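Listing of run.cif, mmCIF, C-alpha atoms and all ligand atoms
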data_upload
#
loop_
_atom_site.label_atom_id
_atom_site.label_comp_id
_atom_site.auth_asym_id
_atom_site.auth_seq_id
_atom_site.Cartn_x
_atom_site.Cartn_y
_atom_site.Cartn_z
CA MET A 1 25.57 17.79 -14.20
CA TYR A 2 25.37 19.83 -10.99
CA ASP A 3 27.58 17.22 -9.29
CA GLU A 4 29.12 19.79 -6.99
CA GLU A 5 25.75 21.23 -6.08
CA PHE A 6 23.61 18.18 -5.42
CA SER A 7 23.66 16.87 -1.84
CA GLU A 8 24.78 13.34 -0.98
CA ILE A 9 21.13 12.49 -0.36
CA ALA A 10 20.10 13.79 -3.77
CA LYS A 11 22.88 11.87 -5.48
CA ALA A 12 21.71 8.63 -3.89
CA LEU A 13 18.04 9.03 -4.92
CA LYS A 14 16.75 6.30 -7.22
CA ALA A 15 13.53 6.26 -9.22
CA SER A 16 10.62 4.11 -8.11
CA GLU A 17 10.18 1.26 -10.59
CA ILE A 18 6.43 1.75 -10.59
CA ARG A 19 6.56 5.48 -11.25
CA GLU A 20 8.92 4.85 -14.19
CA LEU A 21 6.72 2.07 -15.52
CA LEU A 22 3.69 4.34 -15.36
CA LYS A 23 5.26 6.49 -18.07
CA LEU A 24 5.90 3.50 -20.31
CA THR A 25 2.52 1.96 -19.78
CA GLN A 26 0.68 5.18 -20.53
CA GLN A 27 1.12 4.26 -24.20
CA PRO A 28 -2.46 3.43 -25.15
CA GLU A 29 -1.70 0.21 -27.04
CA ILE A 30 -0.03 -1.43 -24.02
CA ILE A 31 -2.28 -3.39 -21.68
CA SER A 32 -0.85 -2.57 -18.30
CA PHE A 33 -1.15 -4.86 -15.30
CA ALA A 34 1.76 -2.89 -13.80
CA GLY A 35 0.70 0.21 -11.81
CA GLY A 36 -1.48 -0.16 -8.74
CA LEU A 37 -4.15 2.09 -10.16
CA PRO A 38 -7.77 2.06 -9.06
CA ASN A 39 -10.26 1.74 -11.90
CA PRO A 40 -11.43 5.22 -12.95
CA GLU A 41 -14.96 3.78 -13.29
CA SER A 42 -14.94 3.58 -9.49
CA PHE A 43 -14.50 7.32 -8.94
CA PRO A 44 -17.74 8.86 -7.60
CA VAL A 45 -17.48 11.95 -9.81
CA ASN A 46 -21.08 13.15 -9.45
CA ASP A 47 -21.19 12.88 -5.66
CA ILE A 48 -17.92 14.77 -5.40
CA LYS A 49 -19.20 17.44 -7.79
CA GLU A 50 -22.30 17.92 -5.63
CA ILE A 51 -20.33 18.08 -2.38
CA ALA A 52 -17.65 20.40 -3.78
CA SER A 53 -20.10 22.84 -5.25
CA ASN A 54 -22.21 22.97 -2.04
CA LEU A 55 -19.09 23.51 0.02
CA LEU A 56 -17.82 26.26 -2.26
CA GLN A 57 -21.16 27.98 -2.19
CA ASN A 58 -21.66 27.81 1.58
CA GLU A 59 -18.19 27.75 3.09
CA GLY A 60 -15.84 28.84 0.30
CA ALA A 61 -13.69 31.13 2.43
CA LYS A 62 -13.03 28.51 5.10
CA ILE A 63 -12.29 25.53 2.90
CA LEU A 64 -9.81 27.37 0.68
CA GLN A 65 -7.68 28.60 3.59
CA TYR A 66 -4.48 27.01 5.00
CA GLY A 67 -5.25 24.48 7.70
CA SER A 68 -3.36 23.17 10.71
CA THR A 69 -0.54 20.71 10.06
CA GLU A 70 -2.40 18.01 12.01
CA GLY A 71 -5.40 18.24 9.68
CA VAL A 72 -8.90 19.73 9.78
CA ASN A 73 -10.32 19.06 13.26
CA ALA A 74 -13.81 18.12 12.09
CA PHE A 75 -12.28 15.63 9.66
CA ARG A 76 -10.04 14.10 12.34
CA ASP A 77 -13.10 13.71 14.59
CA THR A 78 -14.99 12.00 11.78
CA LEU A 79 -12.07 9.64 11.25
CA ALA A 80 -11.87 8.85 14.97
CA LYS A 81 -15.57 7.92 14.85
CA MET A 82 -15.06 5.90 11.67
CA MET A 83 -12.16 3.99 13.23
CA ASP A 84 -14.40 3.11 16.17
CA GLU A 85 -17.57 2.22 14.26
CA ARG A 86 -16.13 0.65 11.12
CA TYR A 87 -12.83 -0.80 12.30
CA ASN A 88 -13.48 -1.42 16.00
CA VAL A 89 -10.48 0.71 16.98
CA LYS A 90 -11.49 2.15 20.35
CA GLY A 91 -10.33 5.17 22.28
CA ILE A 92 -8.91 7.14 19.33
CA LYS A 93 -8.97 10.88 19.82
CA ARG A 94 -8.20 13.74 17.47
CA GLU A 95 -4.73 13.91 19.05
CA ASN A 96 -3.96 10.41 17.78
CA ILE A 97 -4.64 11.33 14.14
CA LEU A 98 -2.52 13.08 11.53
CA ILE A 99 -3.83 13.76 8.04
CA THR A 100 -1.16 13.22 5.41
CA ALA A 101 -0.76 13.74 1.67
CA GLY A 102 -1.31 10.07 0.87
CA SER A 103 0.03 7.29 3.05
CA GLN A 104 3.17 7.59 0.97
CA GLN A 105 3.85 10.79 2.90
CA ALA A 106 3.14 9.01 6.17
CA LEU A 107 5.82 6.46 5.28
CA TYR A 108 8.26 9.26 4.54
CA LEU A 109 7.46 10.95 7.86
CA LEU A 110 8.01 7.67 9.72
CA ALA A 111 11.44 7.27 8.11
CA LYS A 112 12.29 10.84 9.02
CA ILE A 113 11.28 10.55 12.68
CA PHE A 114 12.52 7.02 13.42
CA VAL A 115 15.34 5.91 11.17
CA ASN A 116 19.04 6.66 11.55
CA PRO A 117 21.44 5.23 8.95
CA GLY A 118 22.05 1.54 9.68
CA ASP A 119 18.96 1.11 11.89
CA LYS A 120 17.20 -2.21 11.45
CA VAL A 121 13.77 -2.08 9.83
CA VAL A 122 11.85 -5.33 9.46
CA ILE A 123 9.90 -5.76 6.21
CA GLU A 124 7.91 -8.48 4.53
CA ALA A 125 9.68 -10.06 1.59
CA PRO A 126 8.47 -8.94 -0.93
CA THR A 127 7.35 -5.50 0.27
CA TYR A 128 5.71 -2.34 -1.12
CA ILE A 129 8.13 -0.53 -3.44
CA GLY A 130 7.07 2.82 -2.01
CA ILE A 131 8.56 2.09 1.41
CA LEU A 132 11.92 1.47 -0.24
CA THR A 133 11.57 4.83 -2.01
CA ALA A 134 10.34 6.68 1.09
CA PHE A 135 13.08 5.28 3.34
CA GLN A 136 16.01 5.43 0.90
CA SER A 137 17.55 8.69 2.15
CA TYR A 138 17.50 7.39 5.74
CA LYS A 139 19.52 4.27 4.81
CA PRO A 140 17.95 1.55 6.98
CA ASP A 141 19.38 -1.94 7.16
CA TYR A 142 16.43 -4.12 6.15
CA VAL A 143 15.62 -7.39 7.85
CA GLU A 144 13.51 -9.39 5.40
CA VAL A 145 10.94 -11.88 6.66
CA GLU A 146 9.45 -14.38 4.22
CA MET A 147 5.72 -14.77 3.67
CA ASP A 148 3.45 -17.62 2.67
CA ASP A 149 -0.29 -17.72 1.96
CA ASP A 150 -0.91 -16.62 5.58
CA GLY A 151 1.25 -13.51 5.33
CA MET A 152 4.49 -12.79 7.18
CA ASP A 153 5.85 -15.92 8.87
CA THR A 154 6.01 -14.76 12.47
CA GLU A 155 8.05 -17.81 13.55
CA ILE A 156 10.81 -16.57 11.26
CA LEU A 157 10.29 -13.05 12.61
CA GLU A 158 10.73 -14.36 16.15
CA GLU A 159 13.99 -16.10 15.19
CA LYS A 160 15.31 -12.91 13.61
CA LEU A 161 14.32 -10.77 16.60
CA LYS A 162 16.07 -13.25 18.88
CA GLU A 163 19.26 -13.17 16.80
CA LEU A 164 19.25 -9.38 16.77
CA LYS A 165 18.75 -9.28 20.52
CA LYS A 166 21.81 -11.50 20.99
CA GLU A 167 23.79 -8.89 19.04
CA GLY A 168 22.34 -6.18 21.30
CA LYS A 169 20.16 -4.81 18.49
CA LYS A 170 16.49 -4.07 18.17
CA PRO A 171 14.62 -2.97 15.03
CA LYS A 172 13.16 0.51 14.94
CA LEU A 173 10.06 -0.62 13.06
CA ILE A 174 8.33 -3.73 11.78
CA TYR A 175 6.53 -2.69 8.57
CA VAL A 176 3.64 -4.90 7.46
CA ILE A 177 0.72 -4.77 5.05
CA PRO A 178 -1.28 -7.51 6.78
CA THR A 179 -4.40 -7.42 4.64
CA PHE A 180 -4.28 -8.09 0.86
CA GLN A 181 -0.59 -7.34 0.78
CA ASN A 182 1.05 -5.29 -1.96
CA PRO A 183 2.58 -6.97 -3.94
CA ALA A 184 1.81 -10.56 -2.88
CA GLY A 185 -1.97 -10.33 -2.43
CA VAL A 186 -1.86 -12.53 0.71
CA THR A 187 -3.43 -11.84 4.13
CA MET A 188 -1.92 -12.44 7.56
CA SER A 189 -3.90 -15.01 9.58
CA LEU A 190 -5.43 -14.17 12.95
CA GLU A 191 -2.93 -16.40 14.79
CA ARG A 192 -0.04 -14.57 13.19
CA ARG A 193 -1.57 -11.18 13.91
CA LYS A 194 -1.74 -12.15 17.58
CA HIS A 195 1.78 -13.55 17.50
CA LEU A 196 3.12 -10.39 15.83
CA LEU A 197 1.63 -8.22 18.57
CA GLU A 198 3.04 -10.50 21.27
CA LEU A 199 6.47 -10.16 19.66
CA ALA A 200 6.12 -6.39 19.39
CA GLU A 201 5.51 -6.25 23.14
CA GLU A 202 8.15 -8.81 24.06
CA TYR A 203 10.82 -7.12 21.97
CA ASP A 204 9.46 -3.63 22.60
CA THR A 205 9.32 -2.75 18.88
CA LEU A 206 6.84 -0.58 17.00
CA VAL A 207 4.73 -2.09 14.23
CA VAL A 208 3.60 -0.08 11.21
CA GLU A 209 0.32 -1.46 9.87
CA ASP A 210 -0.14 -0.12 6.34
CA ASN A 211 -3.75 -0.78 5.39
CA PRO A 212 -4.72 0.72 2.02
CA TYR A 213 -6.68 -2.37 0.91
CA GLY A 214 -8.41 -3.60 4.09
CA GLU A 215 -11.88 -2.50 2.92
CA LEU A 216 -11.58 -4.29 -0.41
CA ARG A 217 -12.52 -7.86 0.50
CA TYR A 218 -14.08 -10.06 -2.22
CA SER A 219 -14.10 -13.43 -0.44
CA GLY A 220 -13.33 -15.05 2.92
CA GLU A 221 -13.88 -13.87 6.47
CA SER A 222 -12.88 -10.39 7.55
CA LEU A 223 -10.09 -10.16 10.13
CA PRO A 224 -9.44 -7.57 12.83
CA SER A 225 -6.82 -4.94 12.08
CA LEU A 226 -3.66 -5.01 14.18
CA LYS A 227 -4.62 -1.58 15.50
CA SER A 228 -7.92 -2.92 16.86
CA MET A 229 -5.96 -5.57 18.82
CA ASP A 230 -3.26 -3.19 20.05
CA ARG A 231 -3.53 -2.57 23.79
CA ASN A 232 -0.23 -0.81 24.46
CA HIS A 233 0.34 1.65 21.60
CA TYR A 234 2.74 -0.53 19.66
CA VAL A 235 0.89 -0.12 16.35
CA ILE A 236 1.07 2.84 14.01
CA HIS A 237 -1.84 2.44 11.62
CA LEU A 238 -1.95 3.97 8.13
CA GLY A 239 -5.20 4.36 6.20
CA THR A 240 -5.80 6.10 2.87
CA PHE A 241 -8.64 7.32 0.67
CA SER A 242 -6.69 6.42 -2.48
CA LYS A 243 -8.30 3.04 -3.03
CA ILE A 244 -11.79 3.65 -1.59
CA LEU A 245 -12.44 7.17 -2.93
CA ALA A 246 -9.81 8.54 -5.34
CA PRO A 247 -6.00 8.79 -5.20
CA GLY A 248 -6.04 12.26 -6.78
CA PHE A 249 -7.15 13.74 -3.45
CA ARG A 250 -3.83 12.64 -1.86
CA LEU A 251 -5.58 12.11 1.46
CA ALA A 252 -4.61 9.62 4.12
CA TRP A 253 -4.43 9.26 7.89
CA MET A 254 -1.93 8.06 10.45
CA ILE A 255 -3.10 6.78 13.84
CA ALA A 256 -0.57 6.50 16.62
CA HIS A 257 0.30 7.47 20.16
CA GLU A 258 0.06 11.25 20.66
CA GLU A 259 3.82 11.62 21.10
CA ILE A 260 4.47 10.00 17.71
CA ILE A 261 1.84 12.20 16.07
CA LYS A 262 3.45 15.31 17.62
CA LYS A 263 6.85 14.39 16.20
CA ALA A 264 5.40 13.56 12.78
CA VAL A 265 3.65 16.97 12.78
CA LEU A 266 7.00 18.69 13.33
CA ALA A 267 8.49 16.72 10.44
CA LYS A 268 5.53 17.55 8.21
CA GLN A 269 5.71 21.29 8.96
CA GLY A 270 8.93 21.51 6.99
CA ILE A 271 7.55 19.55 4.08
CA ASP A 272 4.17 21.01 3.15
CA LEU A 273 2.76 22.99 6.11
CA CYS A 274 -0.56 21.16 5.85
CA THR A 275 -2.47 18.65 3.74
CA ASN A 276 -4.85 19.97 1.09
CA THR A 277 -7.69 21.58 3.07
CA PHE A 278 -10.32 21.56 0.33
CA GLY A 279 -9.93 17.79 -0.12
CA GLN A 280 -10.27 17.22 3.62
CA TYR A 281 -13.59 19.07 3.76
CA ILE A 282 -14.86 17.14 0.75
CA ALA A 283 -13.85 13.77 2.22
CA ASN A 284 -15.36 14.76 5.56
CA GLU A 285 -18.72 15.44 3.91
CA TYR A 286 -18.41 12.29 1.84
CA ILE A 287 -18.11 10.18 4.98
CA SER A 288 -20.58 12.16 7.12
CA LYS A 289 -23.34 11.94 4.50
CA GLY A 290 -22.97 8.15 4.44
CA TYR A 291 -21.71 8.19 0.83
CA LEU A 292 -18.52 6.26 1.60
CA GLU A 293 -20.45 3.43 3.23
CA ARG A 294 -22.67 3.19 0.14
CA HIS A 295 -19.73 3.49 -2.26
CA ILE A 296 -17.38 0.81 -0.92
CA PRO A 297 -19.69 -2.13 -1.86
CA GLU A 298 -19.80 -0.77 -5.43
CA VAL A 299 -16.00 -0.77 -5.64
CA ILE A 300 -15.94 -4.28 -4.18
CA ALA A 301 -18.43 -5.57 -6.77
CA LEU A 302 -16.38 -4.12 -9.63
CA TYR A 303 -13.03 -5.45 -8.38
CA LYS A 304 -14.38 -8.86 -7.41
CA ARG A 305 -15.51 -9.33 -10.99
CA LYS A 306 -12.07 -8.31 -12.26
CA ARG A 307 -10.20 -10.55 -9.82
CA ASP A 308 -12.39 -13.52 -10.76
CA LEU A 309 -11.90 -12.84 -14.46
CA MET A 310 -8.13 -12.57 -14.21
CA LEU A 311 -7.87 -15.76 -12.14
CA ARG A 312 -10.14 -17.59 -14.58
CA MET A 313 -8.08 -16.44 -17.57
CA MET A 314 -4.83 -17.41 -15.85
CA ASP A 315 -6.20 -20.86 -15.02
CA GLU A 316 -7.14 -21.32 -18.64
CA TYR A 317 -4.08 -19.89 -20.41
CA PHE A 318 -1.01 -19.97 -18.14
CA PRO A 319 1.17 -23.08 -18.36
CA ASP A 320 0.99 -25.29 -15.27
CA TYR A 321 4.61 -24.67 -14.24
CA VAL A 322 3.57 -21.12 -13.31
CA LYS A 323 2.19 -20.52 -9.78
CA TRP A 324 0.24 -17.55 -8.47
CA THR A 325 -1.50 -16.33 -5.29
CA LYS A 326 -5.32 -16.22 -5.05
CA PRO A 327 -6.05 -12.97 -3.21
CA ASP A 328 -9.23 -12.55 -1.16
CA GLY A 329 -9.13 -8.81 -1.81
CA GLY A 330 -7.02 -5.81 -2.71
CA MET A 331 -5.58 -5.11 -6.13
CA PHE A 332 -2.71 -7.51 -6.83
CA LEU A 333 -1.64 -11.06 -7.35
CA TRP A 334 1.86 -12.46 -7.33
CA VAL A 335 3.22 -14.80 -9.97
CA THR A 336 6.13 -17.21 -9.51
CA LEU A 337 7.86 -18.68 -12.54
CA PRO A 338 10.20 -21.67 -12.35
CA ASP A 339 13.56 -20.78 -10.70
CA ASN A 340 15.45 -20.70 -13.98
CA MET A 341 13.17 -18.07 -15.54
CA ASP A 342 13.93 -14.35 -15.19
CA ALA A 343 10.93 -12.00 -15.29
CA GLU A 344 13.27 -9.03 -15.72
CA LYS A 345 14.74 -10.50 -18.90
CA MET A 346 11.26 -11.46 -20.05
CA PHE A 347 9.95 -7.91 -19.59
CA PRO A 348 11.11 -6.52 -23.00
CA LYS A 349 9.32 -9.46 -24.65
CA ALA A 350 6.16 -8.58 -22.77
CA ILE A 351 6.42 -4.98 -23.94
CA GLU A 352 6.97 -6.15 -27.54
CA ASN A 353 3.72 -8.05 -27.11
CA LYS A 354 2.07 -4.95 -25.65
CA VAL A 355 1.49 -6.17 -22.12
CA ALA A 356 3.17 -5.03 -18.89
CA TYR A 357 3.71 -6.21 -15.31
CA VAL A 358 6.04 -5.15 -12.49
CA ILE A 359 9.12 -7.35 -12.16
CA GLY A 360 9.17 -9.02 -8.76
CA SER A 361 12.77 -8.14 -7.88
CA ALA A 362 11.72 -4.47 -7.61
CA PHE A 363 9.88 -5.40 -4.39
CA TYR A 364 13.03 -6.73 -2.69
CA PRO A 365 15.77 -4.40 -1.40
CA LYS A 366 18.45 -6.75 -2.77
CA ARG A 367 16.62 -7.10 -6.08
CA ASP A 368 16.66 -10.90 -5.96
CA HIS A 369 13.79 -13.35 -6.64
CA LYS A 370 14.01 -12.62 -10.34
CA ASN A 371 11.55 -15.38 -11.23
CA THR A 372 8.57 -13.40 -9.87
CA PHE A 373 6.27 -10.61 -11.03
CA ARG A 374 3.18 -8.70 -9.87
CA LEU A 375 -0.11 -8.27 -11.69
CA ASN A 376 -2.73 -5.61 -10.95
CA PHE A 377 -6.28 -6.67 -11.73
CA THR A 378 -8.28 -3.51 -10.92
CA TYR A 379 -7.28 -0.98 -13.56
CA SER A 380 -7.85 -2.74 -16.88
CA SER A 381 -11.18 -3.20 -18.64
CA ASP A 382 -12.60 -6.73 -18.78
CA GLU A 383 -11.62 -6.98 -22.45
CA GLN A 384 -8.06 -5.89 -21.63
CA ILE A 385 -7.82 -8.50 -18.87
CA GLU A 386 -8.89 -11.24 -21.29
CA GLU A 387 -6.55 -10.11 -24.06
CA GLY A 388 -3.65 -9.17 -21.74
CA ILE A 389 -3.56 -12.55 -19.98
CA LYS A 390 -3.56 -14.33 -23.36
CA ARG A 391 -0.63 -12.15 -24.48
CA LEU A 392 1.24 -12.79 -21.25
CA ALA A 393 0.66 -16.54 -21.45
CA LYS A 394 2.15 -16.50 -24.95
CA VAL A 395 5.17 -14.50 -23.76
CA ILE A 396 5.79 -16.94 -20.88
CA LYS A 397 5.54 -19.99 -23.12
CA GLU A 398 7.86 -18.50 -25.75
CA PHE A 399 10.36 -17.41 -23.13
CA SER A 400 10.53 -20.64 -21.13
N1 LIG A 501 1.18 1.71 0.96
C1 LIG A 501 0.87 0.71 0.12
C2 LIG A 501 1.02 -0.70 0.58
C3 LIG A 501 0.40 1.00 -1.16
O1 LIG A 501 0.10 -0.01 -1.98
C4 LIG A 501 0.25 2.35 -1.56
C5 LIG A 501 -0.23 2.74 -2.92
N2 LIG A 501 -0.12 1.88 -3.93
C6 LIG A 501 0.60 3.33 -0.64
C7 LIG A 501 1.07 2.99 0.61
C8 LIG A 501 0.51 4.79 -0.97
O2 LIG A 501 -0.79 5.20 -1.19
P1 LIG A 501 -1.25 6.70 -1.14
O3 LIG A 501 -0.05 7.56 -0.98
O4 LIG A 501 -1.95 6.95 -2.44
O5 LIG A 501 -2.17 6.80 0.03
O1 LIG A 502 3.14 4.92 -7.57
C1 LIG A 502 1.91 4.83 -7.64
O2 LIG A 502 1.26 5.32 -8.57
C2 LIG A 502 1.15 4.11 -6.57
C3 LIG A 502 1.07 2.70 -6.91
C4 LIG A 502 1.63 1.78 -6.16
C5 LIG A 502 1.79 0.39 -6.63
O3 LIG A 502 1.64 0.13 -7.84
O4 LIG A 502 2.13 -0.45 -5.82
#
Could the structure of this file be written out as structure tokens, please?
Ligand code: PMP
Ligand code: G9A
Amino acid sequence: MYDEEFSEIAKALKASEIRELLKLTQQPEIISFAGGLPNPESFPVNDIKEIASNLLQNEGAKILQYGSTEGVNAFRDTLAKMMDERYNVKGIKRENILITAGSQQALYLLAKIFVNPGDKVVIEAPTYIGILTAFQSYKPDYVEVEMDDDGMDTEILEEKLKELKKEGKKPKLIYVIPTFQNPAGVTMSLERRKHLLELAEEYDTLVVEDNPYGELRYSGESLPSLKSMDRNHYVIHLGTFSKILAPGFRLAWMIAHEEIIKKAVLAKQGIDLCTNTFGQYIANEYISKGYLERHIPEVIALYKRKRDLMLRMMDEYFPDYVKWTKPDGGMFLWVTLPDNMDAEKMFPKAIENKVAYVIGSAFYPKRDHKNTFRLNFTYSSDEQIEEGIKRLAKVIKEFS
């Protein structure tokens, strides 16, 4: 229907696997390890109620008004301070920060301002489904770089950059989720972080550091963000409140060179004029009162318990021909079945057994690597994790 009316871009739009799965897994009897949902127990409802009602009482007129496209100034200043004090990112000014409606919107803005059809964009393989959705209308040509337990293999990246250079090509962006990657759960080592930045400079290519999970570390040593090591404005850093406060706010921030922020602001003006002002004032208070600093350890304690439980259950119940990553943080782990098993074909069996995951091929632009899938360990209750892993182990054994 409406074939004559819909644009070429609209005709080419495809649904995000995760968004579609969310509908399916909302059935209450299914235990879902699919969506990357925070646990609702982690939402600080009472603190937000207190802040919102004080704000409404004292500053109602201001906080309900339209705001500037860049974001509320006081909030941007708070974020600049937070980037300095919490993340050791120095020299950030208001002008380097754009507030976006989730980092999903930041990804969309980056596609809009950087990508022409056929431009090379380097991604980790596997990568976040949402970048494939955000970039789809801009038709990039993806260059996939494999990962191992230390994140993106930068030796392979170097080879690929060299090959491209020989052909007279240079990628527009290198997109990475260096810390507790979605979907693989792995973290890029310090050596590779340094190497990646050296390559960015040598090949004069921008790096997008998407960092929704960096605060959620349950074990191991913390590592510096790429942005904190970036001396020459090669890194565009994306942060979000979705996983440390609540995704319903749709609040995130982009940090980049002023000229990039200016262009992204122009792109955003045509999309939504500005990000939700009320939410920005609430989040600003939440940080300024020290609530965020107090809250993050609570989220970490909850998710550490869930990660440990899922790993323990998998150790006990999964057959030994199945392999999986052991994440030090974040929300996901990545499961690899033997080569001859197809997690896509197994999926209906999982649903019959009332348990869900995301098929791994959805995280690859070419939809290969069919023997893999992703599990989320943060959303389910402890009882659901125990029962769900037993169900999944049974499905795998019956299917193999
Ligand atoms: N990037 C990555 C890697 C993600 O995992 C997510 C959410 N799952 C997002 C971006 C988008 O998050 P939001 O729009 O809620 O900030
Ligand atoms: O689409 C969503 O709800 C965000 C979740 C992302 C993910 O599961 O990776």
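CA of Leu37 in chain A is found 27.8 Å from CA of Pro338 in chain A.
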Spatial neighbours of Tyr291 in chain A, 12 Å, only C-alpha atoms, chain gap at least 2 places, as a PyMOL selection string: chain A and resi 44+46-48+50-51+244-245+282-289+293-298
Nearby residues (only C-alpha atoms) at most 12 Å from Gly270 in chain A, same-chain spacing under 6 positions excluded, as a PyMOL selection string: chain A and resi 69+109+112+263-264
Contact check, chain A to ligand LIG 502 (chain A), at most 6 Å, counting all atoms listed in the file, closest pairs as JSON lines:
{"residue": "A:Ile18", "atom": "CA", "partner": "A:LIG502", "partner_atom": "O1", "distance": 5.5}
{"residue": "A:Arg19", "atom": "CA", "partner": "A:LIG502", "partner_atom": "O1", "distance": 5.1}
{"residue": "A:Gly35", "atom": "CA", "partner": "A:LIG502", "partner_atom": "O3", "distance": 4.1}
{"residue": "A:Gly36", "atom": "CA", "partner": "A:LIG502", "partner_atom": "O3", "distance": 3.3}
Write out as a tab-separated table the residues of range 244-275 of chain A that have any atom within 10 Å of an atom of range 190-214 of chain A, one row each with the nearest atom pair and its distance in Å to one decimal, counting all atoms listed in the file, sorted by chain and then rising number.
residue	atom	partner	partner_atom	distance
A:Ile244	CA	A:Tyr213	CA	8.3
A:Ala252	CA	A:Pro212	CA	9.1
A:Met254	CA	A:Asp210	CA	9.3
A:Ile255	CA	A:Glu209	CA	9.8
A:Ala256	CA	A:Val208	CA	9.5
Using all atoms listed in the file, what table do you get, as JSON lines, when you list each residue of chain A with an atom no more than 9 Å from ligand LIG 501 (chain A), its nearest pair of atoms, and their distance in Å rounded to one decimal, rows by chain then rising number?
{"residue": "A:Gly35", "atom": "CA", "partner": "A:LIG501", "partner_atom": "N2", "distance": 8.1}
{"residue": "A:Gly36", "atom": "CA", "partner": "A:LIG501", "partner_atom": "N2", "distance": 5.4}
{"residue": "A:Leu37", "atom": "CA", "partner": "A:LIG501", "partner_atom": "N2", "distance": 7.4}
{"residue": "A:Thr100", "atom": "CA", "partner": "A:LIG501", "partner_atom": "O5", "distance": 8.4}
{"residue": "A:Ala101", "atom": "CA", "partner": "A:LIG501", "partner_atom": "O3", "distance": 6.8}
{"residue": "A:Gly102", "atom": "CA", "partner": "A:LIG501", "partner_atom": "O3", "distance": 3.4}
{"residue": "A:Ser103", "atom": "CA", "partner": "A:LIG501", "partner_atom": "O5", "distance": 3.8}
{"residue": "A:Gln104", "atom": "CA", "partner": "A:LIG501", "partner_atom": "O3", "distance": 3.8}
{"residue": "A:Gln105", "atom": "CA", "partner": "A:LIG501", "partner_atom": "O3", "distance": 6.4}
{"residue": "A:Ala106", "atom": "CA", "partner": "A:LIG501", "partner_atom": "O3", "distance": 8.0}
{"residue": "A:Leu107", "atom": "CA", "partner": "A:LIG501", "partner_atom": "C7", "distance": 7.5}
{"residue": "A:Thr127", "atom": "CA", "partner": "A:LIG501", "partner_atom": "C2", "distance": 8.0}
{"residue": "A:Tyr128", "atom": "CA", "partner": "A:LIG501", "partner_atom": "C2", "distance": 5.3}
{"residue": "A:Ile129", "atom": "CA", "partner": "A:LIG501", "partner_atom": "C2", "distance": 8.2}
{"residue": "A:Gly130", "atom": "CA", "partner": "A:LIG501", "partner_atom": "C7", "distance": 6.5}
{"residue": "A:Ile131", "atom": "CA", "partner": "A:LIG501", "partner_atom": "N1", "distance": 7.4}
{"residue": "A:Val176", "atom": "CA", "partner": "A:LIG501", "partner_atom": "C2", "distance": 8.5}
{"residue": "A:Ile177", "atom": "CA", "partner": "A:LIG501", "partner_atom": "C2", "distance": 6.1}
{"residue": "A:Gln181", "atom": "CA", "partner": "A:LIG501", "partner_atom": "C2", "distance": 6.8}
{"residue": "A:Asn182", "atom": "CA", "partner": "A:LIG501", "partner_atom": "C2", "distance": 5.2}
{"residue": "A:Pro183", "atom": "CA", "partner": "A:LIG501", "partner_atom": "O1", "distance": 7.6}
{"residue": "A:Asp210", "atom": "CA", "partner": "A:LIG501", "partner_atom": "N1", "distance": 5.8}
{"residue": "A:Asn211", "atom": "CA", "partner": "A:LIG501", "partner_atom": "C2", "distance": 6.8}
{"residue": "A:Pro212", "atom": "CA", "partner": "A:LIG501", "partner_atom": "C1", "distance": 5.9}
{"residue": "A:Tyr213", "atom": "CA", "partner": "A:LIG501", "partner_atom": "O1", "distance": 7.7}
{"residue": "A:Leu238", "atom": "CA", "partner": "A:LIG501", "partner_atom": "N1", "distance": 8.1}
{"residue": "A:Gly239", "atom": "CA", "partner": "A:LIG501", "partner_atom": "O5", "distance": 7.3}
{"residue": "A:Thr240", "atom": "CA", "partner": "A:LIG501", "partner_atom": "O5", "distance": 4.7}
{"residue": "A:Phe241", "atom": "CA", "partner": "A:LIG501", "partner_atom": "O5", "distance": 6.5}
{"residue": "A:Ser242", "atom": "CA", "partner": "A:LIG501", "partner_atom": "O4", "distance": 4.8}
{"residue": "A:Lys243", "atom": "CA", "partner": "A:LIG501", "partner_atom": "O4", "distance": 7.5}
{"residue": "A:Ala246", "atom": "CA", "partner": "A:LIG501", "partner_atom": "O4", "distance": 8.5}
{"residue": "A:Pro247", "atom": "CA", "partner": "A:LIG501", "partner_atom": "O4", "distance": 5.2}
{"residue": "A:Gly248", "atom": "CA", "partner": "A:LIG501", "partner_atom": "O4", "distance": 8.0}
{"residue": "A:Phe249", "atom": "CA", "partner": "A:LIG501", "partner_atom": "O4", "distance": 8.6}
{"residue": "A:Arg250", "atom": "CA", "partner": "A:LIG501", "partner_atom": "O4", "distance": 6.0}
{"residue": "A:Leu251", "atom": "CA", "partner": "A:LIG501", "partner_atom": "O5", "distance": 6.5}
{"residue": "A:Ala252", "atom": "CA", "partner": "A:LIG501", "partner_atom": "O5", "distance": 5.5}
{"residue": "A:Trp253", "atom": "CA", "partner": "A:LIG501", "partner_atom": "O5", "distance": 8.5}
{"residue": "A:Met331", "atom": "CA", "partner": "A:LIG501", "partner_atom": "O1", "distance": 8.7}
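The coordinates place CA of Lys160 in chain A at 19.7 Å from CA of Pro117 in chain A.
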How far is it from CA of Asp150 in chain A to CA of Ile92 in chain A, in Å with one decimal? 28.6 Å
Surrounding residues of Asp308 in chain A excluding itself and chain neighbours under 4 positions, 12 Å, only C-alpha atoms, as a list in words: Tyr218, Ser219, Ile300, Ala301, Leu302, Tyr303, Lys304, Arg312, Met313, Met314, Asp315, Lys326, Pro327, Asp328, Gly329, Met331, Leu333, Phe377, Thr378, Asp382, Ile385 and Glu386 of chain A
